[in-house]
$ cat protein-v3.cif   # mmCIF, C-alpha atoms and all ligand atoms
data_coords
#
loop_
_atom_site.label_atom_id
_atom_site.label_comp_id
_atom_site.auth_asym_id
_atom_site.auth_seq_id
_atom_site.Cartn_x
_atom_site.Cartn_y
_atom_site.Cartn_z
CA MET Y 1270 -8.98 38.99 87.82
CA LEU Y 1271 -9.50 35.66 89.55
CA TYR Y 1272 -13.09 34.43 89.41
CA PHE Y 1273 -14.32 32.71 92.55
CA THR Y 1274 -17.88 33.09 91.30
CA PRO Y 1275 -19.94 29.89 91.38
CA GLY Y 1276 -20.46 29.76 87.61
CA PRO Y 1277 -19.30 30.90 85.19
CA SER Y 1278 -16.08 30.71 87.12
CA GLN Y 1279 -12.32 30.84 86.73
CA ILE Y 1280 -11.13 29.19 83.55
CA TYR Y 1281 -8.89 26.14 84.02
CA PRO Y 1282 -5.29 27.40 83.62
CA SER Y 1283 -4.52 25.40 80.48
CA VAL Y 1284 -7.65 26.34 78.51
CA LYS Y 1285 -5.80 28.96 76.49
CA LYS Y 1286 -3.33 26.37 75.27
CA HIS Y 1287 -6.16 24.05 74.23
CA VAL Y 1288 -7.97 26.88 72.43
CA ASP Y 1289 -4.83 27.57 70.42
CA THR Y 1290 -4.48 23.89 69.55
CA ALA Y 1291 -8.14 23.75 68.54
CA PHE Y 1292 -7.47 26.53 66.02
CA LYS Y 1293 -4.39 24.80 64.69
CA LYS Y 1294 -6.28 21.54 64.27
CA ASP Y 1295 -9.29 23.23 62.55
CA ILE Y 1296 -11.59 21.89 65.26
CA LEU Y 1297 -13.92 24.87 64.75
CA SER Y 1298 -14.62 23.90 61.14
CA ILE Y 1299 -14.82 20.13 61.15
CA SER Y 1300 -18.05 18.28 60.49
CA HIS Y 1301 -19.89 16.86 63.48
CA ARG Y 1302 -20.26 13.67 61.42
CA SER Y 1303 -16.52 13.32 60.84
CA LYS Y 1304 -14.13 10.78 62.26
CA THR Y 1305 -12.25 13.55 64.06
CA PHE Y 1306 -15.43 14.55 65.86
CA GLN Y 1307 -16.19 10.95 66.80
CA GLU Y 1308 -12.75 10.70 68.38
CA ILE Y 1309 -13.36 13.86 70.43
CA TYR Y 1310 -16.74 12.51 71.53
CA LYS Y 1311 -15.25 9.14 72.48
CA ASN Y 1312 -12.45 10.78 74.46
CA ALA Y 1313 -14.83 13.05 76.35
CA VAL Y 1314 -17.01 10.08 77.33
CA LYS Y 1315 -14.02 7.94 78.25
CA ASN Y 1316 -12.39 10.62 80.39
CA ILE Y 1317 -15.56 11.62 82.22
CA SER Y 1318 -16.34 7.97 82.91
CA ALA Y 1319 -12.86 7.36 84.29
CA LEU Y 1320 -12.80 10.54 86.36
CA MET Y 1321 -16.25 10.11 87.86
CA ASN Y 1322 -16.40 6.34 88.02
CA VAL Y 1323 -19.30 5.98 85.58
CA PRO Y 1324 -19.91 2.26 84.92
CA VAL Y 1325 -20.97 0.72 81.59
CA SER Y 1326 -24.55 0.53 82.87
CA HIS Y 1327 -24.79 4.29 82.30
CA HIS Y 1328 -24.46 6.47 79.20
CA VAL Y 1329 -22.82 9.91 79.08
CA PHE Y 1330 -24.81 12.32 76.88
CA PHE Y 1331 -23.98 15.86 75.81
CA ILE Y 1332 -26.70 18.47 75.66
CA SER Y 1333 -26.84 22.25 75.90
CA SER Y 1334 -27.15 23.07 79.60
CA SER Y 1335 -28.23 21.79 82.98
CA LEU Y 1336 -31.60 23.47 82.82
CA GLU Y 1337 -32.05 21.35 79.71
CA SER Y 1338 -31.07 18.26 81.72
CA MET Y 1339 -33.81 19.05 84.23
CA GLU Y 1340 -36.38 19.32 81.46
CA ARG Y 1341 -35.14 16.21 79.63
CA ILE Y 1342 -35.24 14.09 82.79
CA LEU Y 1343 -38.77 15.15 83.68
CA GLN Y 1344 -40.01 14.60 80.14
CA ASN Y 1345 -38.35 11.26 79.64
CA CYS Y 1346 -38.94 9.52 82.95
CA VAL Y 1347 -42.03 10.94 84.57
CA GLU Y 1348 -45.55 10.14 83.53
CA LYS Y 1349 -47.16 12.03 86.41
CA LYS Y 1350 -45.42 12.10 89.77
CA SER Y 1351 -42.02 13.51 90.53
CA LEU Y 1352 -40.84 14.48 94.01
CA HIS Y 1353 -38.72 17.58 94.43
CA LEU Y 1354 -36.56 18.34 97.43
CA VAL Y 1355 -36.41 22.09 97.48
CA ASN Y 1356 -33.88 24.02 99.53
CA GLY Y 1357 -33.07 26.94 97.28
CA SER Y 1358 -33.53 28.41 93.90
CA PHE Y 1359 -32.23 25.72 91.52
CA SER Y 1360 -34.26 22.95 93.14
CA LYS Y 1361 -37.29 25.25 92.99
CA THR Y 1362 -36.77 25.83 89.27
CA ASP Y 1363 -36.83 22.09 88.66
CA PHE Y 1364 -40.08 21.77 90.58
CA GLU Y 1365 -41.59 24.57 88.48
CA PHE Y 1366 -40.47 22.89 85.26
CA ALA Y 1367 -42.42 19.78 86.27
CA TYR Y 1368 -45.57 21.89 86.56
CA GLN Y 1369 -44.97 23.62 83.29
CA LEU Y 1370 -44.56 20.24 81.61
CA GLY Y 1371 -47.98 19.20 82.89
CA LYS Y 1372 -46.78 16.71 85.52
CA GLU Y 1373 -48.12 16.46 89.07
CA PRO Y 1374 -45.01 17.15 91.14
CA ASP Y 1375 -44.82 16.80 94.91
CA ILE Y 1376 -42.59 19.09 96.89
CA VAL Y 1377 -40.69 18.83 100.18
CA GLU Y 1378 -39.46 22.31 100.95
CA VAL Y 1379 -37.23 23.50 103.75
CA GLU Y 1380 -36.02 26.95 104.62
CA GLU Y 1381 -32.95 28.20 102.76
CA GLY Y 1382 -29.74 27.11 104.43
CA GLN Y 1383 -31.33 23.98 105.93
CA GLY Y 1384 -30.40 20.50 104.81
CA ILE Y 1385 -32.84 17.74 104.03
CA GLU Y 1386 -32.63 14.39 105.83
CA LEU Y 1387 -33.35 12.11 102.88
CA ASN Y 1388 -33.81 9.07 104.98
CA LYS Y 1389 -36.60 10.60 107.03
CA LEU Y 1390 -38.56 11.49 103.92
CA LYS Y 1391 -42.06 10.20 103.42
CA VAL Y 1392 -42.18 9.19 99.79
CA PRO Y 1393 -45.69 8.90 98.27
CA SER Y 1394 -46.20 5.40 96.87
CA ASP Y 1395 -46.83 6.67 93.33
CA THR Y 1396 -43.55 8.63 93.12
CA GLU Y 1397 -41.71 7.81 89.91
CA LEU Y 1398 -38.69 10.05 90.31
CA VAL Y 1399 -36.93 11.95 93.08
CA MET Y 1400 -34.85 14.96 92.09
CA VAL Y 1401 -32.09 15.81 94.53
CA THR Y 1402 -30.15 19.02 94.13
CA GLN Y 1403 -26.99 17.57 95.62
CA ASN Y 1404 -25.28 20.94 95.76
CA GLU Y 1405 -27.70 23.88 95.96
CA THR Y 1406 -25.61 26.72 94.57
CA SER Y 1407 -27.96 29.43 95.78
CA THR Y 1408 -27.62 28.54 99.47
CA GLY Y 1409 -24.47 26.41 99.81
CA VAL Y 1410 -26.29 23.32 101.06
CA MET Y 1411 -24.77 19.99 100.05
CA ILE Y 1412 -26.57 16.68 100.53
CA PRO Y 1413 -24.09 13.91 101.46
CA MET Y 1414 -23.74 11.28 98.74
CA LYS Y 1415 -24.07 8.54 101.35
CA ASP Y 1416 -27.61 9.73 102.16
CA ILE Y 1417 -28.49 9.61 98.46
CA HIS Y 1418 -27.10 6.08 98.07
CA ASP Y 1419 -28.97 4.92 101.20
CA PHE Y 1420 -32.16 6.48 99.90
CA LYS Y 1421 -31.95 4.46 96.68
CA LYS Y 1422 -31.20 1.28 98.61
CA ASN Y 1423 -34.40 1.87 100.57
CA HIS Y 1424 -36.47 2.88 97.53
CA PRO Y 1425 -35.14 0.76 94.67
CA ARG Y 1426 -38.17 1.39 92.46
CA VAL Y 1427 -37.97 5.18 92.60
CA LEU Y 1428 -35.66 6.78 90.04
CA VAL Y 1429 -33.04 9.01 91.63
CA ALA Y 1430 -31.66 11.97 89.67
CA ILE Y 1431 -29.00 14.24 91.11
CA ASP Y 1432 -28.06 17.79 90.17
CA ILE Y 1433 -24.28 17.95 90.68
CA VAL Y 1434 -23.85 21.06 88.55
CA SER Y 1435 -21.79 23.00 91.08
CA SER Y 1436 -20.07 20.04 92.75
CA ALA Y 1437 -18.88 17.76 89.92
CA PRO Y 1438 -16.35 16.18 89.70
CA TYR Y 1439 -15.99 16.29 93.51
CA PRO Y 1440 -18.79 13.98 94.78
CA ARG Y 1441 -18.04 10.28 95.15
CA THR Y 1442 -21.05 9.04 93.25
CA ASP Y 1443 -21.77 5.32 93.39
CA PHE Y 1444 -23.75 4.91 90.20
CA ARG Y 1445 -25.23 1.64 91.42
CA TYR Y 1446 -27.50 3.88 93.49
CA VAL Y 1447 -27.91 6.85 91.17
CA ASP Y 1448 -29.97 6.61 87.99
CA MET Y 1449 -29.15 9.99 86.51
CA ALA Y 1450 -26.69 12.80 87.20
CA PHE Y 1451 -25.99 16.05 85.40
CA PHE Y 1452 -23.67 19.03 85.35
CA SER Y 1453 -22.50 21.94 83.20
CA VAL Y 1454 -18.91 22.67 82.20
CA GLN Y 1455 -18.73 26.33 83.32
CA LYS Y 1456 -18.53 25.40 87.01
CA GLY Y 1457 -16.17 22.72 88.32
CA PHE Y 1458 -14.64 22.01 84.92
CA GLY Y 1459 -13.34 25.54 84.41
CA LEU Y 1460 -14.57 25.90 80.83
CA PRO Y 1461 -16.58 28.47 78.91
CA ALA Y 1462 -20.36 27.92 79.24
CA GLY Y 1463 -22.55 26.25 76.68
CA LEU Y 1464 -22.40 22.51 77.25
CA GLY Y 1465 -24.25 20.19 79.60
CA VAL Y 1466 -23.44 16.59 80.52
CA LEU Y 1467 -26.22 14.16 81.39
CA ILE Y 1468 -25.46 10.65 82.68
CA VAL Y 1469 -28.31 8.14 82.31
CA ARG Y 1470 -28.75 4.48 83.24
CA GLN Y 1471 -29.79 2.18 80.39
CA GLU Y 1472 -32.94 1.03 82.24
CA VAL Y 1473 -34.09 4.63 82.41
CA ILE Y 1474 -33.90 4.86 78.64
CA ASP Y 1475 -35.99 1.69 78.38
CA ARG Y 1476 -38.54 3.38 80.61
CA SER Y 1477 -38.55 6.47 78.42
CA VAL Y 1478 -39.20 4.32 75.35
CA ALA Y 1479 -42.08 2.63 77.17
CA LEU Y 1480 -43.57 6.02 78.08
CA GLU Y 1481 -43.21 7.15 74.49
CA LYS Y 1482 -45.12 4.06 73.33
CA LYS Y 1483 -47.86 4.96 75.79
CA GLY Y 1484 -48.24 8.34 74.13
CA VAL Y 1485 -46.39 10.45 76.70
CA LEU Y 1486 -44.49 13.36 75.11
CA VAL Y 1487 -40.81 12.70 75.72
CA GLY Y 1488 -39.48 15.37 73.38
CA THR Y 1489 -38.02 15.22 69.91
CA TYR Y 1490 -34.33 15.25 68.93
CA HIS Y 1491 -33.19 15.11 72.58
CA SER Y 1492 -35.51 12.33 73.74
CA PHE Y 1493 -33.40 9.70 75.50
CA SER Y 1494 -33.89 7.23 72.65
CA SER Y 1495 -32.77 9.79 70.07
CA LEU Y 1496 -29.74 10.74 72.16
CA LEU Y 1497 -28.80 7.07 72.58
CA LYS Y 1498 -29.16 6.31 68.89
CA LYS Y 1499 -26.60 8.96 67.96
CA HIS Y 1500 -24.48 8.26 71.04
CA ASN Y 1501 -23.92 4.74 69.72
CA GLU Y 1502 -22.24 6.37 66.70
CA PHE Y 1503 -20.29 8.79 68.95
CA GLN Y 1504 -22.40 11.68 67.72
CA THR Y 1505 -25.23 13.96 68.79
CA PRO Y 1506 -28.56 14.39 66.96
CA GLU Y 1507 -27.94 18.13 66.37
CA THR Y 1508 -24.83 20.10 65.42
CA PRO Y 1509 -23.37 20.35 68.90
CA ASN Y 1510 -20.92 22.64 70.64
CA VAL Y 1511 -17.92 20.93 69.02
CA PHE Y 1512 -15.50 23.46 70.48
CA GLY Y 1513 -16.83 22.94 74.01
CA LEU Y 1514 -16.67 19.19 73.63
CA TYR Y 1515 -13.08 19.37 72.44
CA LEU Y 1516 -12.11 21.50 75.43
CA LEU Y 1517 -13.97 19.17 77.78
CA ALA Y 1518 -12.14 16.14 76.40
CA GLU Y 1519 -8.79 17.91 76.92
CA ILE Y 1520 -9.52 19.23 80.41
CA THR Y 1521 -10.87 15.92 81.68
CA GLN Y 1522 -7.73 14.26 80.30
CA GLU Y 1523 -5.69 16.65 82.42
CA MET Y 1524 -7.85 16.07 85.46
CA LYS Y 1525 -7.38 12.34 85.01
CA ARG Y 1526 -3.63 12.80 84.89
CA LYS Y 1527 -3.72 14.84 88.08
CA GLY Y 1528 -5.96 12.25 89.69
CA ILE Y 1529 -9.39 12.65 91.22
CA LYS Y 1530 -7.99 11.79 94.63
CA LYS Y 1531 -5.67 14.77 94.59
CA ILE Y 1532 -8.43 17.03 93.22
CA ARG Y 1533 -10.68 16.01 96.11
CA GLN Y 1534 -7.93 16.45 98.68
CA GLU Y 1535 -7.28 19.98 97.48
CA ILE Y 1536 -10.97 20.85 97.55
CA ASP Y 1537 -11.19 19.52 101.12
CA LEU Y 1538 -8.19 21.56 102.16
CA LYS Y 1539 -9.45 24.78 100.55
CA SER Y 1540 -12.94 24.38 101.97
CA LYS Y 1541 -11.47 23.87 105.45
CA LEU Y 1542 -9.49 27.09 105.09
CA LEU Y 1543 -12.59 28.99 103.98
CA TYR Y 1544 -14.87 27.60 106.69
CA ASP Y 1545 -12.20 28.15 109.35
CA PHE Y 1546 -12.06 31.76 108.22
CA ALA Y 1547 -15.85 32.18 108.37
CA ASN Y 1548 -16.20 30.34 111.70
CA THR Y 1549 -13.63 32.47 113.47
CA HIS Y 1550 -14.66 35.81 111.98
CA VAL Y 1551 -15.82 38.35 114.57
CA GLN Y 1552 -19.06 39.02 112.76
CA TRP Y 1553 -19.57 36.86 109.68
CA LYS Y 1554 -20.70 33.23 109.80
CA PRO Y 1555 -21.22 30.34 107.41
CA PHE Y 1556 -24.83 30.56 106.18
CA VAL Y 1557 -25.31 26.79 106.45
CA LYS Y 1558 -25.10 26.03 110.17
CA GLU Y 1559 -25.11 22.25 110.19
CA LYS Y 1560 -21.70 20.92 109.25
CA LYS Y 1561 -23.13 17.82 107.63
CA PHE Y 1562 -24.80 19.97 104.98
CA GLN Y 1563 -22.07 22.54 104.37
CA SER Y 1564 -21.02 22.48 100.73
CA GLN Y 1565 -17.35 21.86 100.00
CA THR Y 1566 -17.57 23.48 96.57
CA THR Y 1567 -19.83 26.50 97.16
CA ILE Y 1568 -19.06 28.29 100.40
CA VAL Y 1569 -21.77 30.75 101.35
CA ILE Y 1570 -20.89 33.29 104.04
CA ASP Y 1571 -23.41 35.49 105.79
CA VAL Y 1572 -21.67 38.88 105.82
CA LYS Y 1573 -24.54 40.65 107.64
CA GLY Y 1574 -25.76 42.96 104.92
CA GLN Y 1575 -22.28 43.95 103.75
CA SER Y 1576 -22.15 41.92 100.58
CA LYS Y 1577 -21.87 44.90 98.25
CA LYS Y 1578 -18.96 46.38 100.18
CA VAL Y 1579 -17.10 43.07 100.38
CA VAL Y 1580 -17.59 42.23 96.71
CA GLU Y 1581 -16.41 45.72 95.66
CA TYR Y 1582 -13.37 45.59 97.95
CA LEU Y 1583 -12.27 42.17 96.69
CA LYS Y 1584 -12.82 43.20 93.08
CA LYS Y 1585 -10.32 46.03 93.55
CA LYS Y 1586 -7.85 43.44 94.83
CA GLY Y 1587 -8.35 41.21 91.80
CA PHE Y 1588 -10.82 38.68 93.23
CA MET Y 1589 -14.35 38.27 91.94
CA VAL Y 1590 -16.64 36.51 94.42
CA GLY Y 1591 -20.37 35.96 94.02
CA SER Y 1592 -22.91 38.06 95.88
CA GLY Y 1593 -25.88 36.42 97.55
CA TYR Y 1594 -28.51 34.70 95.42
CA GLY Y 1595 -31.94 36.29 95.01
CA LYS Y 1596 -33.27 37.66 98.29
CA PHE Y 1597 -29.87 37.12 99.94
CA LYS Y 1598 -28.13 39.42 97.49
CA ASN Y 1599 -27.01 41.88 100.16
CA ASP Y 1600 -26.49 39.40 103.00
CA HIS Y 1601 -24.28 36.72 101.50
CA ILE Y 1602 -21.14 36.25 99.53
CA ARG Y 1603 -20.64 32.97 97.67
CA ILE Y 1604 -17.19 31.57 97.01
CA ALA Y 1605 -16.66 28.77 94.52
CA ASN Y 1606 -14.11 26.13 95.46
CA PHE Y 1607 -13.55 24.25 92.21
CA PRO Y 1608 -10.60 22.19 90.92
CA GLN Y 1609 -9.27 25.17 88.94
CA HIS Y 1610 -8.89 27.29 92.10
CA SER Y 1611 -5.43 26.78 93.55
CA VAL Y 1612 -4.69 26.46 97.26
CA LYS Y 1613 -2.36 29.41 96.93
CA ASP Y 1614 -5.04 31.67 95.45
CA VAL Y 1615 -7.57 30.66 98.12
CA LYS Y 1616 -5.02 31.63 100.79
CA ARG Y 1617 -4.51 34.99 99.07
CA LEU Y 1618 -8.27 35.54 98.92
CA ILE Y 1619 -8.62 34.79 102.65
CA LYS Y 1620 -5.78 37.20 103.45
CA GLU Y 1621 -7.63 39.96 101.65
CA MET Y 1622 -10.91 39.13 103.35
CA GLU Y 1623 -9.18 39.33 106.72
CA LYS Y 1624 -8.27 42.93 105.97
CA ILE Y 1625 -11.87 44.03 105.47
CA LYS Y 1626 -12.96 46.17 108.43
CA VAL Y 1627 -16.47 45.44 109.68
C1 LIG Y 1701 -25.74 26.61 87.48
C2 LIG Y 1701 -26.70 25.61 87.98
C3 LIG Y 1701 -27.71 25.10 87.16
C4 LIG Y 1701 -27.98 25.61 85.77
O1 LIG Y 1701 -26.93 25.33 84.90
P1 LIG Y 1701 -27.01 25.89 83.39
O2 LIG Y 1701 -25.77 25.41 82.77
O3 LIG Y 1701 -27.09 27.39 83.51
O4 LIG Y 1701 -28.23 25.34 82.78
C5 LIG Y 1701 -28.55 24.11 87.68
N1 LIG Y 1701 -28.39 23.65 88.93
C6 LIG Y 1701 -27.44 24.15 89.75
C7 LIG Y 1701 -27.32 23.59 91.13
C8 LIG Y 1701 -26.55 25.12 89.30
O5 LIG Y 1701 -25.60 25.59 90.11
#
$ encode --input "protein-v3.cif" --output "C-alpha cells"
Amino acid sequence: MLYFTPGPSQIYPSVKKHVDTAFKKDILSISHRSKTFQEIYKNAVKNISALMNVPVSHHVFFISSSLESMERILQNCVEKKSLHLVNGSFSKTDFEFAYQLGKEPDIVEVEEGQGIELNKLKVPSDTELVMVTQNETSTGVMIPMKDIHDFKKNHPRVLVAIDIVSSAPYPRTDFRYVDMAFFSVQKGFGLPAGLGVLIVRQEVIDRSVALEKKGVLVGTYHSFSSLLKKHNEFQTPETPNVFGLYLLAEITQEMKRKGIKKIRQEIDLKSKLLYDFANTHVQWKPFVKEKKFQSQTTIVIDVKGQSKKVVEYLKKKGFMVGSGYGKFKNDHIRIANFPQHSVKDVKRLIKEMEKIKV
C-alpha cells in the first residue's frame, strides 16, 4: 500500500535500511547522555539547519509533537494576547489552547477553503504573538511565505510563529522574518510519528526568561530556557525519542544529498499534475479556489459527496488517500504531496483516479 495520507504518511523509502542499522549500532539501548547520542543530536540539528536554511540566530529543539509546539509557544511567549488566524481545524486547535492556558487570544476566522490576506490584517496594538498555520492540513489552504515575511517586516515587534507541520521542508522560510517554526516528522519527512521539531529565535528565549521572572507560568522541563540549557550540551531535558532522532538525522542527511532544490521542483511538478487533474475533471474541483492559496503539499479535492467511494476504490488499487477532515469527511479527499512520494507514483495514482466513474 502506498500512503498518500497527510500524516502519518508514506515512509521514506530508505527508512527500513536505517532501522536495520540502528539495531546493529545498538541505538535503541544507548544512554541519552552518551557521546553517541550527542553526535546524533548534533547531526540532526546540522542537517535540518542546512536543509531549511536555519541561521545561527535560531535554535532547533526536539520535543514530542506539534501540538506540544503550539502549547510551548503560547506558554513561553505570550503573557496575555495572541492573535490566531483560523482557516481550519489545526489553527482552531491552537486558538483553543490559548484559552485553555488562560491567555486572552484574538481570532481572525475565515470560512474553510478561504485564504487569509495577512497584509490586510488589523493587528491589535497589544498583540504579542501571531500564529500562522502556513499549511492548514484540514482544508488545503497554504499561506505564501512572502506574505508572512512581509507581515513581519511591517510588524517587527509582533512575534511570528508558523505551523509548517504538513509543508516542511518545502517552504522557503526566511528566518530573518520568522521567529518560530515547527513541524512533526510523520508528514513531509516520511518517518514514524512521535517527534516534533521546534525552531526558536534566541530573542524569543530571552523573552520567555523575562516572562518567567515576572511570574508567568512558562512550563517546567520543556520551558524554552530548560530546552536551551540541555540543547547547549546536545541533549534534551527528558529521555527523548532517541530512535526517532536517529532516523531524522539519517533522513535529513539523505535529503541534503538530494538537494532541497530538487525536492521542491518535484513537489511543484507533482502538485501541478494533481491540480491539473482536479481542474479538468468533469465533476470534481479543487476545494481551495484561489490559486494563490492552494497548498502544494496537501491537495484537497471536492469529490461532491463521493469521498467514501473514491477512498475505497483507491485502497483496492493499493493507494491510501485521506478522506475529508471533520465536517468535510464525505465531500473531500486529501492527497499528501511530500518528498517521499515519487513522481511516478503520483502519475499512477492519477491514472487510477481517472478510471473512477462519477
Ligand atoms: C498534523 C498537524 C499538526 C499536529 O501534529 P502532531 O504531530 O499530531 O502534534 C498540527 N498542525 C498541522 C497543520 C498538522 O497538519
$ residues_around --input "protein-v3.cif" --residues "Y:Thr1402" --least-positions-apart "4" --cutoff "6 Å" --atoms "only C-alpha atoms" --output "CSV table (one decimal) with C-alpha atoms, in the coordinates of the input"
chain,number,residue,atom,x,y,z
Y,1360,SER,CA,-34.3,23.0,93.1
Y,1431,ILE,CA,-29.0,14.2,91.1
Y,1432,ASP,CA,-28.1,17.8,90.2
$ residues_around --input "protein-v3.cif" --residues "stretch 1320-1325 of chain Y" --least-positions-apart "4" --cutoff "9 Å" --atoms "all atoms listed in the file" --output "ChimeraX atom specification"
/Y:1315-1316,1329,1437-1445,1468,1470,1521-1522,1524-1525,1528-1529
$ residues_around --input "protein-v3.cif" --residues "Y:Ser1351" --least-positions-apart "6" --cutoff "10 Å" --atoms "only C-alpha atoms" --output "JSON, numbers by chain"
{"Y": [1343, 1364, 1367, 1368, 1372, 1373, 1374, 1375, 1376, 1393, 1395, 1396, 1397, 1398, 1399, 1400, 1427, 1428]}
$ residues_near_ligand --input "protein-v3.cif" --ligand "ligand LIG 1701 (chain Y)" --cutoff "8 Å" --atoms "only C-alpha atoms and all ligand atoms" --output "list in words"
Pro1275, Gly1276, Ser1333, Ser1334, Ser1335, Leu1336, Glu1337, Ser1338, Phe1359, Ser1360, Thr1402, Gln1403, Asn1404, Glu1405, Thr1406, Ser1407, Asp1432, Ile1433, Val1434, Ser1435, Phe1452, Ser1453, Val1454, Gln1455, Lys1456, Ala1462, Gly1463, Leu1464 and Gly1465 of chain Y
$ closest_residue --input "protein-v3.cif" --among "Y:Ser1278, Y:Ser1298, Y:Thr1290, Y:Gln1383" --to "Y:Val1557" --atoms "only C-alpha atoms"
Y:Gln1383
$ residues_around --input "protein-v3.cif" --residues "stretch 1610-1617 of chain Y" --least-positions-apart "5" --cutoff "9 Å" --atoms "all atoms listed in the file" --output "PyMOL selection string"
chain Y and resi 1271-1273+1279+1281+1535-1536+1538-1539+1542-1543+1605+1622
$ atom_distance --input "protein-v3.cif" --atom1 "atom CA of Y:Gln1307" --atom2 "atom CA of Y:Ser1492"
20.6 Å
$ atom_distance --input "protein-v3.cif" --atom1 "atom CA of Y:Phe1588" --atom2 "atom CA of Y:Ile1568"
15.1 Å
$ axis_aligned_box --input "protein-v3.cif" --around "stretch 1411-1425 of chain Y" --padding-each-side "6 Å" --output "lines of an AutoDock Vina configuration file"
center_x = -30.1
center_y = 10.4
center_z = 98.4
size_x = 24.7
size_y = 31.2
size_z = 19.5
$ closest_residue --input "protein-v3.cif" --among "Y:Pro1509, Y:Leu1496, Y:Ile1342, Y:Val1485" --to "Y:Asp1448" --atoms "only C-alpha atoms"
Y:Ile1342
$ closest_residue --input "protein-v3.cif" --among "Y:Ser1436, Y:Arg1603, Y:Ala1430, Y:Thr1567" --to "Y:Gly1457" --atoms "all atoms listed in the file"
Y:Ser1436
$ closest_residue --input "protein-v3.cif" --among "Y:Thr1408, Y:Ser1300, Y:Asn1606, Y:Asn1548" --to "Y:Gln1565" --atoms "all atoms listed in the file"
Y:Asn1606
$ atom_distance --input "protein-v3.cif" --atom1 "atom CA of Y:Ile1619" --atom2 "atom CA of Y:Phe1458"
22.7 Å
$ closest_residue --input "protein-v3.cif" --among "Y:Asp1600, Y:Glu1519, Y:Glu1559, Y:Asp1571" --to "Y:Lys1285" --atoms "all atoms listed in the file"
Y:Glu1519
$ closest_residue --input "protein-v3.cif" --among "Y:Leu1517, Y:Ile1296, Y:Val1579, Y:Val1466" --to "Y:Arg1341" --atoms "all atoms listed in the file"
Y:Val1466
$ residues_near_point --input "protein-v3.cif" --point "(-33.3, 11.8, 76.4)" --cutoff "10 Å" --atoms "only C-alpha atoms" --output "list in words"
Phe1330, Ile1332, Ser1338, Glu1340, Arg1341, Ile1342, Leu1343, Gln1344, Asn1345, Cys1346, Leu1467, Val1469, Val1473, Ile1474, Ser1477, Val1478, Val1487, Gly1488, Thr1489, Tyr1490, His1491, Ser1492, Phe1493, Ser1494, Ser1495, Leu1496 and Leu1497 of chain Y
$ write_last_selection --input "protein-v3.cif" --atoms "C-alpha atoms" --output "compact mmCIF listing (two decimals), keeping the file's coordinate frame"
# COMPACT_ATOMS: atom_id res chain seq x y z
CA PHE Y 1330 -24.81 12.32 76.88
CA ILE Y 1332 -26.70 18.47 75.66
CA SER Y 1338 -31.07 18.26 81.72
CA GLU Y 1340 -36.38 19.32 81.46
CA ARG Y 1341 -35.14 16.21 79.63
CA ILE Y 1342 -35.24 14.09 82.79
CA LEU Y 1343 -38.77 15.15 83.68
CA GLN Y 1344 -40.01 14.60 80.14
CA ASN Y 1345 -38.35 11.26 79.64
CA CYS Y 1346 -38.94 9.52 82.95
CA LEU Y 1467 -26.22 14.16 81.39
CA VAL Y 1469 -28.31 8.14 82.31
CA VAL Y 1473 -34.09 4.63 82.41
CA ILE Y 1474 -33.90 4.86 78.64
CA SER Y 1477 -38.55 6.47 78.42
CA VAL Y 1478 -39.20 4.32 75.35
CA VAL Y 1487 -40.81 12.70 75.72
CA GLY Y 1488 -39.48 15.37 73.38
CA THR Y 1489 -38.02 15.22 69.91
CA TYR Y 1490 -34.33 15.25 68.93
CA HIS Y 1491 -33.19 15.11 72.58
CA SER Y 1492 -35.51 12.33 73.74
CA PHE Y 1493 -33.40 9.70 75.50
CA SER Y 1494 -33.89 7.23 72.65
CA SER Y 1495 -32.77 9.79 70.07
CA LEU Y 1496 -29.74 10.74 72.16
CA LEU Y 1497 -28.80 7.07 72.58
